>>> print(open('structure.txt').read())   # compact mmCIF, C-alpha atoms
# COMPACT_ATOMS: atom_id res chain seq x y z
CA MET A 20 85.21 18.78 -62.64
CA SER A 21 82.08 20.17 -61.06
CA ALA A 22 81.66 23.86 -60.34
CA GLU A 23 79.00 23.09 -57.75
CA ILE A 24 79.51 24.73 -54.37
CA THR A 25 79.89 22.29 -51.55
CA LYS A 26 78.98 23.17 -47.99
CA VAL A 27 79.19 20.90 -45.05
CA GLY A 28 76.02 20.44 -43.02
CA ILE A 29 76.46 20.30 -39.26
CA ILE A 30 73.69 18.70 -37.27
CA CYS A 31 74.19 19.01 -33.55
CA CYS A 32 72.56 17.33 -30.64
CA SER A 33 69.59 19.23 -29.23
CA GLY A 34 70.55 17.85 -25.79
CA GLU A 35 68.50 20.27 -23.69
CA ALA A 36 68.79 18.08 -20.62
CA ILE A 37 72.57 17.87 -20.47
CA ALA A 38 75.47 20.32 -20.39
CA GLU A 39 77.11 18.52 -23.32
CA GLY A 40 74.09 19.47 -25.45
CA THR A 41 74.69 23.14 -24.71
CA ILE A 42 78.37 22.70 -25.52
CA SER A 43 77.52 21.00 -28.83
CA ARG A 44 75.20 23.84 -29.87
CA LEU A 45 77.57 26.64 -28.87
CA ALA A 46 80.50 24.91 -30.57
CA THR A 47 78.45 24.46 -33.71
CA ARG A 48 77.51 28.14 -33.73
CA ARG A 49 81.17 29.07 -33.29
CA VAL A 50 82.12 27.02 -36.35
CA LEU A 51 79.28 28.56 -38.37
CA GLU A 52 79.99 32.12 -37.31
CA LEU A 53 83.72 32.20 -36.83
CA LEU A 54 85.81 29.20 -37.73
CA ARG A 55 84.33 28.04 -41.06
CA PRO A 56 81.58 30.55 -41.95
CA ASN A 57 81.90 30.05 -45.69
CA ALA A 58 81.90 26.29 -45.65
CA THR A 59 79.16 25.26 -43.25
CA VAL A 60 75.43 25.38 -42.64
CA THR A 61 73.36 23.96 -39.82
CA LEU A 62 70.11 22.13 -39.58
CA CYS A 63 67.65 22.06 -36.70
CA LEU A 64 67.60 18.47 -35.45
CA PRO A 65 63.98 18.02 -34.27
CA LEU A 66 62.68 19.79 -37.36
CA PHE A 67 64.85 17.51 -39.45
CA LEU A 68 63.68 14.42 -37.57
CA ALA A 69 60.06 15.50 -37.66
CA GLY A 70 60.03 15.61 -41.41
CA ASN A 71 60.95 18.96 -42.89
CA GLU A 72 61.52 17.87 -46.46
CA GLY A 73 63.73 20.79 -47.45
CA GLU A 74 66.20 20.19 -44.66
CA ARG A 75 66.19 16.45 -45.18
CA ASN A 76 66.98 16.91 -48.85
CA PHE A 77 69.93 19.10 -47.92
CA ALA A 78 71.43 16.38 -45.78
CA LYS A 79 70.95 13.90 -48.62
CA THR A 80 72.96 15.97 -51.05
CA HIS A 81 75.65 17.49 -48.85
CA PRO A 82 78.33 15.95 -46.67
CA THR A 83 77.10 16.08 -43.11
CA ILE A 84 78.82 15.99 -39.73
CA THR A 85 76.86 15.19 -36.59
CA ILE A 86 77.82 16.49 -33.15
CA ASP A 87 76.22 14.55 -30.33
CA GLY A 88 76.34 15.36 -26.66
CA CYS A 89 76.20 11.79 -25.41
CA ASP A 90 76.53 8.23 -26.61
CA LYS A 91 72.82 8.00 -27.43
CA GLN A 92 73.84 9.87 -30.59
CA CYS A 93 70.38 11.17 -31.54
CA ALA A 94 71.82 13.42 -34.25
CA LYS A 95 73.75 10.63 -35.95
CA TRP A 96 70.84 8.23 -35.62
CA GLY A 97 68.35 10.72 -37.03
CA THR A 98 70.52 11.76 -39.93
CA GLU A 99 71.35 8.23 -40.99
CA GLU A 100 67.74 7.13 -40.53
CA HIS A 101 66.45 9.81 -42.88
CA SER A 102 69.35 10.74 -45.16
CA GLY A 103 71.97 8.03 -45.23
CA PRO A 104 75.48 7.72 -43.80
CA VAL A 105 77.12 10.80 -42.30
CA SER A 106 80.63 11.91 -43.25
CA ALA A 107 81.71 12.11 -39.63
CA ALA A 108 80.10 11.62 -36.24
CA LEU A 109 81.56 13.39 -33.21
CA VAL A 110 80.54 12.92 -29.59
CA VAL A 111 81.25 15.70 -27.09
CA THR A 112 82.03 13.30 -24.26
CA ASP A 113 84.60 11.52 -26.46
CA ILE A 114 86.28 14.82 -27.31
CA LEU A 115 86.29 16.28 -23.81
CA GLY A 116 86.56 13.25 -21.58
CA THR A 117 86.17 14.47 -18.02
CA GLN A 118 86.61 18.10 -19.10
CA ALA A 119 82.82 18.48 -19.36
CA THR A 120 82.34 17.48 -15.73
CA GLY A 121 81.07 20.49 -13.84
CA CYS A 122 79.90 22.35 -16.94
CA HIS A 123 76.42 23.87 -16.79
CA ARG A 124 73.59 23.65 -19.29
CA SER A 125 72.53 27.28 -18.82
CA SER A 126 74.63 30.02 -20.41
CA ARG A 127 73.96 32.16 -17.33
CA GLN A 128 76.33 29.99 -15.33
CA ALA A 129 78.96 29.74 -18.05
CA SER A 130 82.50 30.28 -16.79
CA GLN A 131 86.01 29.36 -17.90
CA PRO A 132 85.47 25.55 -18.04
CA GLU A 133 82.46 25.98 -20.34
CA LYS A 134 84.33 28.43 -22.59
CA GLU A 135 87.31 26.13 -22.90
CA ALA A 136 85.05 23.15 -23.59
CA VAL A 137 83.24 25.04 -26.37
CA TRP A 138 86.53 26.11 -27.96
CA ALA A 139 87.90 22.56 -27.82
CA VAL A 140 84.82 21.06 -29.45
CA ALA A 141 84.57 23.86 -32.02
CA GLU A 142 88.16 23.37 -33.09
CA ARG A 143 87.57 19.63 -33.41
CA ILE A 144 84.49 20.27 -35.59
CA ALA A 145 86.45 22.72 -37.75
CA ALA A 146 89.18 20.14 -38.29
CA GLU A 147 86.54 17.63 -39.33
CA VAL A 148 84.99 20.16 -41.72
CA ASP A 149 88.41 20.67 -43.33
CA SER A 150 88.84 16.94 -43.69
CA VAL A 151 85.41 16.49 -45.25
CA MET A 152 85.96 19.47 -47.57
CA ALA A 153 89.32 18.07 -48.68
CA GLU A 154 87.77 14.70 -49.46
CA THR A 155 84.87 16.30 -51.31
CA GLU A 156 87.15 18.53 -53.35
CA LEU A 157 89.33 15.60 -54.28
CA ARG A 158 86.29 13.62 -55.34
CA ASP A 159 84.21 16.28 -57.10
CA GLY A 160 86.49 19.22 -57.69
CA ALA A 161 83.99 21.32 -55.79
CA THR A 162 84.98 24.30 -53.64
CA ALA A 163 83.16 26.48 -51.18
CA GLN A 164 82.57 30.11 -51.99
CA ALA A 165 85.22 32.38 -50.62
CA ASP A 166 82.69 34.94 -49.47
CA GLY A 167 79.05 35.90 -49.60
CA ALA A 168 78.00 32.54 -48.18
CA HIS A 169 76.28 32.09 -44.85
CA CYS A 170 74.51 29.46 -42.86
CA SER A 171 70.88 28.63 -43.40
CA CYS A 172 69.62 30.60 -40.47
CA SER A 173 71.93 33.53 -39.80
CA SER A 174 74.82 35.45 -41.24
CA PRO A 175 78.42 35.09 -40.14
CA ILE A 176 79.60 37.51 -37.51
CA PRO A 177 81.41 40.63 -38.76
CA GLY A 178 85.15 40.47 -39.24
CA GLY A 179 87.93 42.74 -38.09
CA LYS A 180 90.07 44.51 -40.70
CA LEU A 181 93.86 44.58 -40.83
CA ALA A 182 96.07 46.47 -43.27
CA ILE A 183 98.43 43.92 -44.85
CA ALA A 184 100.78 44.81 -47.69
CA GLY A 185 98.77 47.92 -48.44
CA ALA A 186 95.45 46.07 -48.69
CA ALA A 187 92.61 45.62 -46.21
CA VAL A 188 92.27 42.02 -45.03
CA THR A 189 89.15 40.90 -43.16
CA ILE A 190 89.47 38.23 -40.48
CA PRO A 191 86.10 36.77 -39.48
CA GLY A 192 85.38 37.09 -35.78
CA LEU A 193 88.64 38.86 -34.94
CA SER A 194 87.14 40.27 -31.75
CA LEU A 195 86.24 36.76 -30.55
CA ILE A 196 89.75 35.60 -31.35
CA PHE A 197 91.13 38.50 -29.32
CA GLU A 198 88.75 37.70 -26.47
CA GLN A 199 90.10 34.18 -26.46
CA CYS A 200 93.69 35.51 -26.47
CA ALA A 201 92.91 37.84 -23.56
CA GLU A 202 91.38 34.97 -21.58
CA ARG A 203 94.58 33.02 -22.18
CA ASN A 204 96.59 35.98 -20.88
CA ILE A 205 98.48 36.51 -24.10
CA PRO A 206 100.28 39.83 -23.49
CA ALA A 207 99.56 42.84 -25.68
CA ASP A 208 103.23 43.50 -26.35
CA ILE A 209 106.04 42.14 -28.49
CA THR A 210 106.26 38.96 -26.38
CA GLY A 211 102.70 38.04 -27.37
CA CYS A 212 103.20 38.42 -31.13
CA ALA A 213 103.98 34.78 -31.87
CA ALA A 214 101.04 33.48 -29.82
CA LEU A 215 98.69 35.99 -31.46
CA LEU A 216 99.75 34.93 -34.94
CA ASP A 217 99.50 31.23 -34.08
CA THR A 218 95.96 31.72 -32.77
CA VAL A 219 94.82 33.69 -35.81
CA LYS A 220 96.37 31.09 -38.13
CA ILE A 221 93.97 28.50 -36.73
CA TYR A 222 91.09 30.44 -38.26
CA HIS A 223 92.59 32.39 -41.12
CA ARG A 224 95.11 31.49 -43.80
CA VAL A 225 98.28 33.56 -43.44
CA PRO A 226 100.74 33.36 -46.37
CA PRO A 227 104.24 32.57 -45.01
CA ASP A 228 105.80 35.60 -46.68
CA GLU A 229 103.29 37.92 -44.97
CA GLU A 230 103.71 36.63 -41.42
CA GLY A 231 105.86 39.59 -40.42
CA GLU A 232 103.22 42.09 -41.51
CA TYR A 233 100.50 40.06 -39.84
CA ARG A 234 102.47 40.03 -36.57
CA SER A 235 102.75 43.83 -36.53
CA ALA A 236 99.16 44.45 -37.63
CA LEU A 237 97.75 41.92 -35.19
CA LEU A 238 99.71 43.34 -32.27
CA ALA A 239 98.49 46.87 -33.03
CA ALA A 240 94.87 45.67 -33.35
CA TYR A 241 95.15 43.55 -30.19
CA GLN A 242 96.56 46.47 -28.20
CA ASP A 243 93.67 48.59 -29.45
CA PHE A 244 91.23 45.82 -28.48
CA ARG A 245 92.70 45.50 -24.98
CA ASN A 246 92.42 49.28 -24.58
CA GLY A 247 88.74 49.18 -25.50
CA GLY A 248 89.16 50.28 -29.11
CA LYS A 249 86.65 49.37 -31.79
CA ALA A 250 88.95 48.36 -34.64
CA ALA A 251 88.48 44.64 -34.13
CA ARG A 252 84.96 44.79 -32.75
CA MET B 22 70.37 16.44 -14.22
CA GLY B 23 69.59 14.37 -17.27
CA ASN B 24 66.67 12.65 -18.92
CA GLU B 25 65.42 10.90 -15.78
CA CYS B 26 61.99 12.07 -14.71
CA VAL B 27 60.90 11.83 -11.09
CA ASP B 28 57.31 11.06 -10.12
CA ASN B 29 54.93 14.01 -10.13
CA ALA B 30 57.37 16.28 -11.93
CA VAL B 31 55.97 18.48 -14.65
CA LEU B 32 58.00 18.07 -17.82
CA VAL B 33 59.09 21.35 -19.37
CA ILE B 34 60.23 20.66 -22.93
CA PRO B 35 61.90 23.48 -24.86
CA CYS B 36 62.54 23.98 -28.53
CA SER B 37 65.93 22.94 -29.94
CA GLY B 38 66.23 25.85 -32.35
CA ILE B 39 69.82 26.78 -33.00
CA GLY B 40 69.47 29.54 -35.58
CA LYS B 41 67.77 32.36 -33.70
CA VAL B 42 67.55 33.86 -30.24
CA HIS B 43 64.09 32.38 -29.72
CA GLY B 44 65.43 28.86 -29.23
CA LEU B 45 67.94 30.06 -26.67
CA ILE B 46 65.23 31.95 -24.76
CA SER B 47 63.07 28.82 -24.69
CA ARG B 48 65.91 26.81 -23.18
CA GLU B 49 67.04 29.45 -20.68
CA ALA B 50 63.45 29.92 -19.48
CA THR B 51 63.27 26.16 -19.01
CA TYR B 52 66.54 26.09 -17.03
CA LEU B 53 65.39 28.98 -14.84
CA VAL B 54 62.39 26.87 -13.87
CA THR B 55 63.96 23.41 -13.65
CA ASP B 56 67.23 24.46 -12.02
CA GLU B 57 66.24 27.40 -9.83
CA LEU B 58 62.58 28.27 -9.44
CA ALA B 59 61.00 24.82 -9.16
CA PRO B 60 63.69 22.13 -9.24
CA GLU B 61 61.66 19.69 -7.14
CA GLN B 62 58.50 20.06 -9.20
CA THR B 63 59.83 20.15 -12.75
CA GLU B 64 62.26 18.46 -15.08
CA THR B 65 63.26 18.74 -18.71
CA MET B 66 64.31 16.26 -21.37
CA CYS B 67 66.08 16.23 -24.70
CA LEU B 68 63.55 16.83 -27.46
CA ALA B 69 65.57 14.80 -29.95
CA LEU B 70 65.48 11.81 -27.63
CA LEU B 71 61.70 12.00 -27.71
CA VAL B 72 61.59 12.42 -31.48
CA LYS B 73 63.93 9.44 -31.81
CA GLY B 74 61.33 7.37 -29.99
CA ASP B 75 63.43 6.52 -26.93
CA PRO B 76 61.13 4.29 -24.82
CA GLY B 77 61.96 6.10 -21.57
CA ALA B 78 61.28 9.51 -23.09
CA VAL B 79 58.03 8.39 -24.69
CA GLU B 80 56.87 6.83 -21.42
CA ALA B 81 57.76 10.02 -19.54
CA VAL B 82 55.65 12.32 -21.73
CA ARG B 83 52.75 9.87 -21.63
CA THR B 84 52.72 9.75 -17.84
CA HIS B 85 53.59 13.32 -16.88
CA ALA B 86 52.02 16.69 -17.51
CA CYS B 87 54.00 18.51 -20.20
CA ILE B 88 54.60 22.16 -20.93
CA ALA B 89 56.08 22.87 -24.38
CA ILE B 90 58.14 25.99 -25.02
CA ASP B 91 58.62 26.68 -28.72
CA GLY B 92 60.71 29.33 -30.40
CA CYS B 93 58.77 29.48 -33.66
CA ALA B 94 55.41 28.63 -35.13
CA LYS B 95 56.65 25.26 -36.36
CA ALA B 96 56.15 24.20 -32.74
CA CYS B 97 58.47 21.19 -32.82
CA ALA B 98 58.29 20.69 -29.05
CA GLU B 99 54.51 20.80 -28.84
CA LYS B 100 53.97 18.64 -31.92
CA ASN B 101 56.50 16.00 -30.95
CA VAL B 102 55.04 15.59 -27.46
CA GLN B 103 51.65 15.04 -29.08
CA ILE B 104 53.08 12.64 -31.69
CA ALA B 105 54.64 10.61 -28.86
CA GLY B 106 51.23 10.29 -27.22
CA GLY B 107 51.70 12.94 -24.54
CA ALA B 108 49.27 15.70 -23.59
CA VAL B 109 50.49 19.28 -23.70
CA ALA B 110 48.99 21.08 -20.73
CA LYS B 111 50.28 24.42 -22.01
CA ALA B 112 52.09 25.42 -25.17
CA ILE B 113 54.10 28.61 -24.94
CA GLN B 114 55.44 30.44 -28.00
CA VAL B 115 58.47 32.62 -27.37
CA ALA B 116 57.51 34.82 -30.31
CA GLU B 117 54.25 35.68 -28.52
CA ALA B 118 56.20 37.09 -25.58
CA PHE B 119 57.92 39.52 -27.94
CA LYS B 120 54.61 41.27 -28.59
CA ASN B 121 55.00 43.02 -25.25
CA HIS B 122 58.58 43.98 -26.08
CA ARG B 123 58.40 45.61 -29.49
CA GLY B 124 61.79 46.80 -30.67
CA ALA B 125 63.60 44.78 -28.03
CA LYS B 126 67.10 43.55 -28.81
CA PRO B 127 67.17 40.22 -26.98
CA GLY B 128 70.57 39.01 -28.15
CA SER B 129 71.67 36.25 -30.47
CA ALA B 130 71.43 32.49 -30.83
CA THR B 131 74.26 32.13 -28.33
CA MET B 132 73.93 35.00 -25.88
CA LEU B 133 71.11 37.01 -24.31
CA THR B 134 71.11 40.71 -23.52
CA ASP B 135 69.44 42.17 -20.44
CA GLU B 136 66.29 42.58 -22.54
CA GLY B 137 66.56 38.95 -23.59
CA TRP B 138 66.83 37.86 -19.97
CA ALA B 139 63.81 40.01 -19.05
CA ILE B 140 61.74 38.20 -21.68
CA THR B 141 63.16 34.89 -20.47
CA ARG B 142 62.09 35.63 -16.89
CA GLU B 143 58.59 36.51 -18.06
CA ILE B 144 58.28 33.19 -19.84
CA ALA B 145 59.67 31.38 -16.80
CA GLY B 146 56.95 33.11 -14.78
CA SER B 147 54.30 31.77 -17.16
CA ILE B 148 55.72 28.29 -16.82
CA ILE B 149 55.69 28.51 -13.02
CA SER B 150 52.07 29.70 -13.06
CA GLU B 151 51.10 26.69 -15.12
CA VAL B 152 53.09 24.31 -12.91
CA GLU B 153 51.29 25.67 -9.86
CA ARG B 154 47.94 25.31 -11.58
CA LEU B 155 48.69 21.73 -12.57
CA ARG B 156 49.80 20.83 -9.07
CA ALA B 157 46.78 22.51 -7.48
CA SER B 158 44.45 20.58 -9.72
CA GLU B 159 46.50 17.37 -9.30
CA GLU B 160 47.08 17.07 -13.03
CA VAL B 161 50.82 16.50 -12.76
CA ALA B 162 50.72 12.77 -13.50
CA ARG B 163 48.44 10.74 -15.75
>>> encode(input="structure.txt", output="structure tokens")
Amino acid sequence: MSAEITKVGIICCSGEAIAEGTISRLATRRVLELLRPNATVTLCLPLFLAGNEGERNFAKTHPTITIDGCDKQCAKWGTEEHSGPVSAALVVTDILGTQATGCHRSSRQASQPEKEAVWAVAERIAAEVDSVMAETELRDGATAQADGAHCSCSSPIPGGKLAIAGAAVTIPGLSLIFEQCAERNIPADITGCAALLDTVKIYHRVPPDEEGEYRSALLAAYQDFRNGGKAAR
Amino acid sequence: MGNECVDNAVLVIPCSGIGKVHGLISREATYLVTDELAPEQTETMCLALLVKGDPGAVEAVRTHACIAIDGCAKACAEKNVQIAGGAVAKAIQVAEAFKNHRGAKPGSATMLTDEGWAITREIAGSIISEVERLRASEEVAR
């Protein structure tokens, strides 16, 4: 059994000319910062393609997922050309279908369709990261660090703290999760508890015997968030 | 909008950086120009498509004037246009623009603040000036 730490490399499309490229980059950042901050790193595609040896070596020794905006699949092509087969290759247009129609490439024009597209792609990437991690752990016995890890170019976003069973529990990106809940009109009262917990469980492991405490703590933090409080920010 | 390049358009090619705010500024400055300020005179393309050696992308940079907007000193956009056989009429470094905004908090890799947008607009202004110069001197196509 190896004690080596495994992280999954995510190489996304640079796709400056198309809205799907913007979606691929924003979704990748969301995975790095919020969904799987301890398990992922990213690589800059043109730098990788243009011959940065350090980044190419990383892709040779770590499982890598590519996220392409269109079927030209520049990220997959480049990674396989220089580093060998990728663990998974996702294409934004395959994930979203017609959902990307009408999305903009500039963040200035981003509205609800863009936000929903980014969430959908990010959640698909996170699921693929989990799958790759599970395969890697089965094969090598390797595990990602539980904390203290961050992507190659920036740190994960701060988490929000909840008091669970007398201990402080940090949930990465809790404010972003609450933003998402607010956009989905999840009410900040007892009727929203189940939806709040379900949403947080996508990003954070909740032990079954602590779900009741999580429900109460999340509702209190969400109410504070909706009232402009700073607890989750 | 895509990777098609109309005749006489100036190609504005931004950095693909995903780790810092500089890459985002380079792209947003490009979109300000290509989508709003000079949509008939400019176009952009995917840098990775060029690096990949896509024949259409390579042909486009060889036959159109190019402006490269890079986030960092590694200058991937500028270098890759040159490697593909294109001529960079002007290379802009986002980091240079920060010299006039010491202490500014421009935002993150995914979102710009008002200060970030101010820097972005300045860079877009530099791009427009160069586009106008290229068009005045009829250097837009080769």
>>> atom_distance(input="structure.txt", atom1="atom CA of Arg203 of chain A", atom2="atom CA of Val137 of chain A")
14.5 Å
>>> interface_residues(input="structure.txt", of="chain A", to="chain B", cutoff="9 Å", atoms="only C-alpha atoms", output="number ranges by chain")
A: 31-38, 40, 44-45, 47-48, 61-66, 68-69, 91, 93-94, 96-97, 124-127, 170-173
>>> closest_residue(input="structure.txt", among="A:Ala207, A:Cys212, A:Leu195, A:Ala184", to="Glu229 of chain A", atoms="all atoms listed in the file")
A:Ala184
>>> closest_residue(input="structure.txt", among="B:Val102, B:Ile46, B:Ile149, B:Ala110", to="Ile88 of chain B", atoms="only C-alpha atoms")
B:Ala110
>>> atom_distance(input="structure.txt", atom1="atom CA of Gly92 of chain B", atom2="atom CA of Val115 of chain B")
5.0 Å
>>> atom_distance(input="structure.txt", atom1="atom CA of Gly121 of chain A", atom2="atom CA of Glu57 of chain B")
16.8 Å
>>> residues_around(input="structure.txt", residues="Asp90 of chain A", least_positions_apart="5", cutoff="9 Å", atoms="all atoms listed in the file", output="list of chain:residue names")
A:Val110, A:Val111, A:Thr112, A:Asp113
>>> closest_residue(input="structure.txt", among="A:Thr120, A:Ser106, A:Gln242, A:Gln92", to="Ile144 of chain A", atoms="all atoms listed in the file")
A:Ser106
>>> closest_residue(input="structure.txt", among="B:Thr55, B:Thr84, B:Gln114, B:Ser150", to="Val33 of chain B", atoms="all atoms listed in the file")
B:Thr55
>>> residues_near_point(input="structure.txt", point="(77.9, 12.2, -45.2)", cutoff="9 Å", atoms="all atoms listed in the file", output="compact mmCIF listing (two decimals) with C-alpha atoms, in the frame of the given file")
# COMPACT_ATOMS: atom_id res chain seq x y z
CA VAL A 27 79.19 20.90 -45.05
CA GLY A 28 76.02 20.44 -43.02
CA ALA A 78 71.43 16.38 -45.78
CA LYS A 79 70.95 13.90 -48.62
CA THR A 80 72.96 15.97 -51.05
CA HIS A 81 75.65 17.49 -48.85
CA PRO A 82 78.33 15.95 -46.67
CA THR A 83 77.10 16.08 -43.11
CA ILE A 84 78.82 15.99 -39.73
CA GLU A 99 71.35 8.23 -40.99
CA SER A 102 69.35 10.74 -45.16
CA GLY A 103 71.97 8.03 -45.23
CA PRO A 104 75.48 7.72 -43.80
CA VAL A 105 77.12 10.80 -42.30
CA SER A 106 80.63 11.91 -43.25
CA ALA A 107 81.71 12.11 -39.63
CA VAL A 151 85.41 16.49 -45.25
>>> closest_residue(input="structure.txt", among="A:His123, A:Lys134, A:His223, A:Arg55", to="Gly179 of chain A", atoms="all atoms listed in the file")
A:His223
